[in-house]
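See structure below.
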Number of protein chains: 2
Amino acid sequence: MATDLEPRRFMTKVARMYYTHGIRQIEIASTLGISQARVSRLLQAAEHAKIVRTIVVIPEGLHAEVEEDLQKRYGLSQVHIVEALDPNDEAGINRDLGEAAALILSAMQLSGKTIGFTSWSRSLRSLVATLEPSKKKKSGATRIVEMLGDVGPPQSQHDSTRSTQRFADLIGGTPLFIRAPGVLSSAEVREAMISYDAHTREAIAALDELDVALVGIGTCNIDAPLEPGGNFFTVEQFAMAKSLGAVGQINLRFIDAEGIPLESELDSLVIGVTLAQLPAQGGRFAVAGGRSKYEAVRAALRGHWIDTLITDMETAERLLQE
Amino acid sequence: MATDLEPRRFMTKVARMYYTHGIRQIEIASTLGISQARVSRLLQAAEHAKIVRTIVVIPEGLHAEVEEDLQKRYGLSQVHIVEALDPNDEAGINRDLGEAAALILSAMQLSGKTIGFTSWSRSLRSLVATLEPSKKKKSGATRIVEMLGDVGPPQSQHDSTRSTQRFADLIGGTPLFIRAPGVLSSAEVREAMISYDAHTREAIAALDELDVALVGIGTCNIDAPLEPGGNFFTVEQFAMAKSLGAVGQINLRFIDAEGIPLESELDSLVIGVTLAQLPAQGGRFAVAGGRSKYEAVRAALRGHWIDTLITDMETAERLLQE
DNA sequence: GCAACCGACGAATCTTGATACAATTACGTA
DNA sequence: TACGTAATTGTATCAAGATTCGTCGGTTGC
């Protein structure tokens, strides 16, 4: 009878006594004939094992006014705002945004859809980290497609792959990876890379059939984990984009302050989704916030490249100001 | 600016700091410039307002073996087992069963369905008490139909009505009440009662179109809140049913130990669903446990009157024993 | 205009739950 | 077998959080 799940059963029992019935630890301890310390430890373990979940629900319509204003102003279909604890802590904001996005996503019907995913985005990674496995039956063939090749150092690439994989697992779908650098040195090399790998070709083909895209919005600077050159744009290339008027990029496709795409030879170096490939209205999700990204987010909104935005309060209010 | 939802916003903020970010109350207090006591109170309030939800998930497949055995043995489509804290505490078991059932129900797709509900069942009432409002869009016209007229004292009747109403609200459907006694003194009075009230007629008609039924399983005794006579069977009537071989009843329709319906003149006194009206395979839910109900549950299973069972471990094991 | 009341708040205090430490056991290795 | 190591549990203690109580500001009623 000594199976591996006996402890889990015990944890569940204790957890139910404590949380559901509100019995004190000492009392639980005495009825079960164990020490209070053990009860405490079991509860910790239960929490760790995700048997106990404490979630903070963002009450519906808490920020209703601002959200509605934003919707009207930019013609968005959905807006969600989270309160940032510290507007300067971009990492913290990204975590919060990801968590909120996870809640929203889990309420959505995704099975059978083709979903574009931007695995290098920190907010989207934190989304994946928070997402709970859905109990829903996996109906239809859900596909999770990477929307950009590898960028950043090897460690980061690894994380990206894992992130995509995990996302697919949680949603109950098949991951389609782009196993190639995100940025290449020339259009020729890019072509070669694409034709080289069957998986990559398959993923790229799927980009034409996106139902939902979780896009990454970025600045025209090289952020922390990324490094210039190699599989990413160089400092010079970013400078060039800026000189053309770029204020941000959506999955490495540059746009100006009005959201107008800036076509250049840089486009032919990227292995990833193009703006034209983004799904129809209703499927363009962005999870982005923090001061540094404000310009880029505004541009993306103006160009109508996204229609569902999850952002922080400060960014939201700035977006409404002028 | 002084709206009613400002405090909610504050609670949410504090709750997020505490639970999501794991910041100590004193620290939260000092950063927000309030006292630790206030933080504690705000957190309590947040919990009360259901902004913070702590749920204990019954890990998938914890009781897998027993559940599968039960499924095979009685040809059930779903079985869920909860661990009873105290097998003698029937009230406690009913609460637990209801809570478990709430989790299961909330994972189901119910919109557009016609759902039969047994509002006098204690376990089903506790289900309703636990159920969270679903965020899902209400698509189609979901109907919640009472499957039995009023039974028990006025107070209990009132609770029943509220329970049905609340269930309908939470699911996002329309309640159809049976505004008539559940048991009448003669078949003639029964007919009169049915024809009397339009609401009741509508509800009764809907009983022919059930997609899902949450049935109540009962013993052949008069349980605590119920009283003999009036709108319920008399002691003599129960005795008569027993003399015919009844070991239990499903919404006041008596069955013997093998689950075979016992037809008698008692049937013509009841305003409520008949066994023949129960929905097809897959839609017959029962939430029942505790020692006293064992016989009745077993009979219901043998007669295949239910195909989804939520019960306690002890009952489950007894059902497997012989 | 004043007294009585009510609710919100913070300081101090008490209760509850977490943890450091030691004892115990199980297990692998010399 | 004896020893070392690691895992597990309980005891005692400490920290974190809940609660009590008194104060203050605002409101109601006379």
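Chain labels follow the order of the structure tokens: the first chain is A, the next B, and so on; residue numbering restarts at 1 in every chain, and ligands are counted from 1 in their shown order.
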Quick one: which residues from chain A are at most 9 Å off chain C, using only C-alpha atoms (C1' of nucleotides), as a ChimeraX atom specification?
/A:24-25,36-37,40-41
Okay, now the selection with C-alpha atoms, as a compact mmCIF listing (two decimals), in the first residue's frame?
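Result written to part.txt:
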# COMPACT_ATOMS: atom_id res chain seq x y z
CA ARG A 24 -6.41 25.30 13.94
CA GLN A 25 -3.15 23.52 13.38
CA GLN A 36 1.73 20.95 15.18
CA ALA A 37 5.06 21.38 13.44
CA SER A 40 2.66 23.28 9.42
CA ARG A 41 5.17 21.49 7.25
Using only C-alpha atoms (C1' of nucleotides), find the residues of chain D whose closest atom to chain A is at most 10 Å away, then write them as number ranges by chain.
D: 8-11
With all C-alpha atoms paired in order, what RMSD does the least-squares fit of chain A onto chain B leave?
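Here the C-alpha RMSD works out to 0.1 Å.
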Exercise answer, chain B residues close to chain A, 8 Å and only C-alpha atoms, as a compact mmCIF listing (two decimals) with C-alpha atoms, in the first residue's frame:
# COMPACT_ATOMS: atom_id res chain seq x y z
CA LEU B 5 -15.01 50.48 -5.19
CA ARG B 8 -11.90 47.12 -3.07
CA ARG B 9 -9.04 48.46 -5.07
CA THR B 12 -6.74 44.07 -4.00
CA LYS B 13 -3.49 45.96 -3.91
CA ALA B 15 -3.74 41.27 -1.20
CA ARG B 16 -1.49 41.16 -4.20
CA MET B 17 1.43 42.48 -2.22
CA TYR B 19 -0.06 36.79 -1.42
CA THR B 20 1.42 37.23 -4.85
CA LYS B 50 -13.75 36.72 -2.32
CA ILE B 51 -10.93 38.75 -3.79
CA VAL B 52 -8.59 36.23 -2.27
CA ARG B 53 -9.55 32.65 -2.86
CA THR B 54 -7.79 29.75 -1.27
CA ILE B 55 -8.88 26.52 -2.80
CA VAL B 56 -7.75 23.02 -2.03
CA VAL B 57 -7.59 21.07 -5.23
CA ILE B 58 -8.28 17.39 -5.00
CA PRO B 59 -5.30 16.12 -6.96
CA LEU B 62 -5.77 10.59 -5.88
CA GLU B 83 -12.14 11.96 2.07
CA LEU B 85 -13.03 13.84 8.07
CA ALA B 107 -15.59 22.61 -14.87
CA LYS B 135 -17.19 34.25 -15.70
CA LYS B 136 -18.23 32.36 -18.75
Rank B:Gly230, B:Pro7, B:Pro87, B:Gly272 by their smallest atom-to-atom distance to Asp312 of chain B, using only C-alpha atoms, and report the top residue only.
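Residue with the minimum atom-to-atom distance to Asp312 of chain B: B:Pro87.
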List the neighbours of segment 238-243 of chain A out to 7 Å using only C-alpha atoms (C1' of nucleotides); skip same-chain residues closer than 5 positions along the sequence, and give me the result as a ChimeraX atom specification.
/A:220-221,233
Mind dumping the selected residues with N, CA and C atoms as a short mmCIF file (atom, residue, chain, number, x, y, z; two decimals), in the first residue's frame?
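Output file again-v4.cif is given in full below:
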data_model
loop_
_atom_site.label_atom_id
_atom_site.label_comp_id
_atom_site.auth_asym_id
_atom_site.auth_seq_id
_atom_site.Cartn_x
_atom_site.Cartn_y
_atom_site.Cartn_z
N CYS A 220 13.47 50.00 -29.23
CA CYS A 220 14.53 49.93 -30.23
C CYS A 220 15.89 49.89 -29.56
N ASN A 221 15.91 49.41 -28.35
CA ASN A 221 17.18 49.27 -27.66
C ASN A 221 17.42 47.80 -27.39
N PHE A 233 19.86 41.77 -33.92
CA PHE A 233 20.33 42.96 -34.62
C PHE A 233 21.55 43.54 -33.93
#
Using only C-alpha atoms, which residue out of A:Ile81, A:Val297, A:Leu148, A:Val212 lies closest to Gln109 of chain A?
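Comparing A:Ile81, A:Val297, A:Leu148, A:Val212 against Gln109 of chain A, the winner is A:Val212.
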Run DSSP on the backbone and grab whatever in segment 22-258 of chain B lands in strand (DSSP E); send it over as number ranges by chain.
B: 52-56, 78-82, 114-117, 143-146, 174-176, 212-215, 217-218, 246-250, 253-256
Give the alpha helix (DSSP H) residues of segment 42-110 of chain A, as DSSP finds them on the backbone, and put them as an NGL selection string.
:A and (42-48 or 64-74 or 90-106)
For atom CA of Tyr196 of chain B and atom CA of Gly149 of chain B, quote the distance in Å rounded to one decimal.
13.7 Å
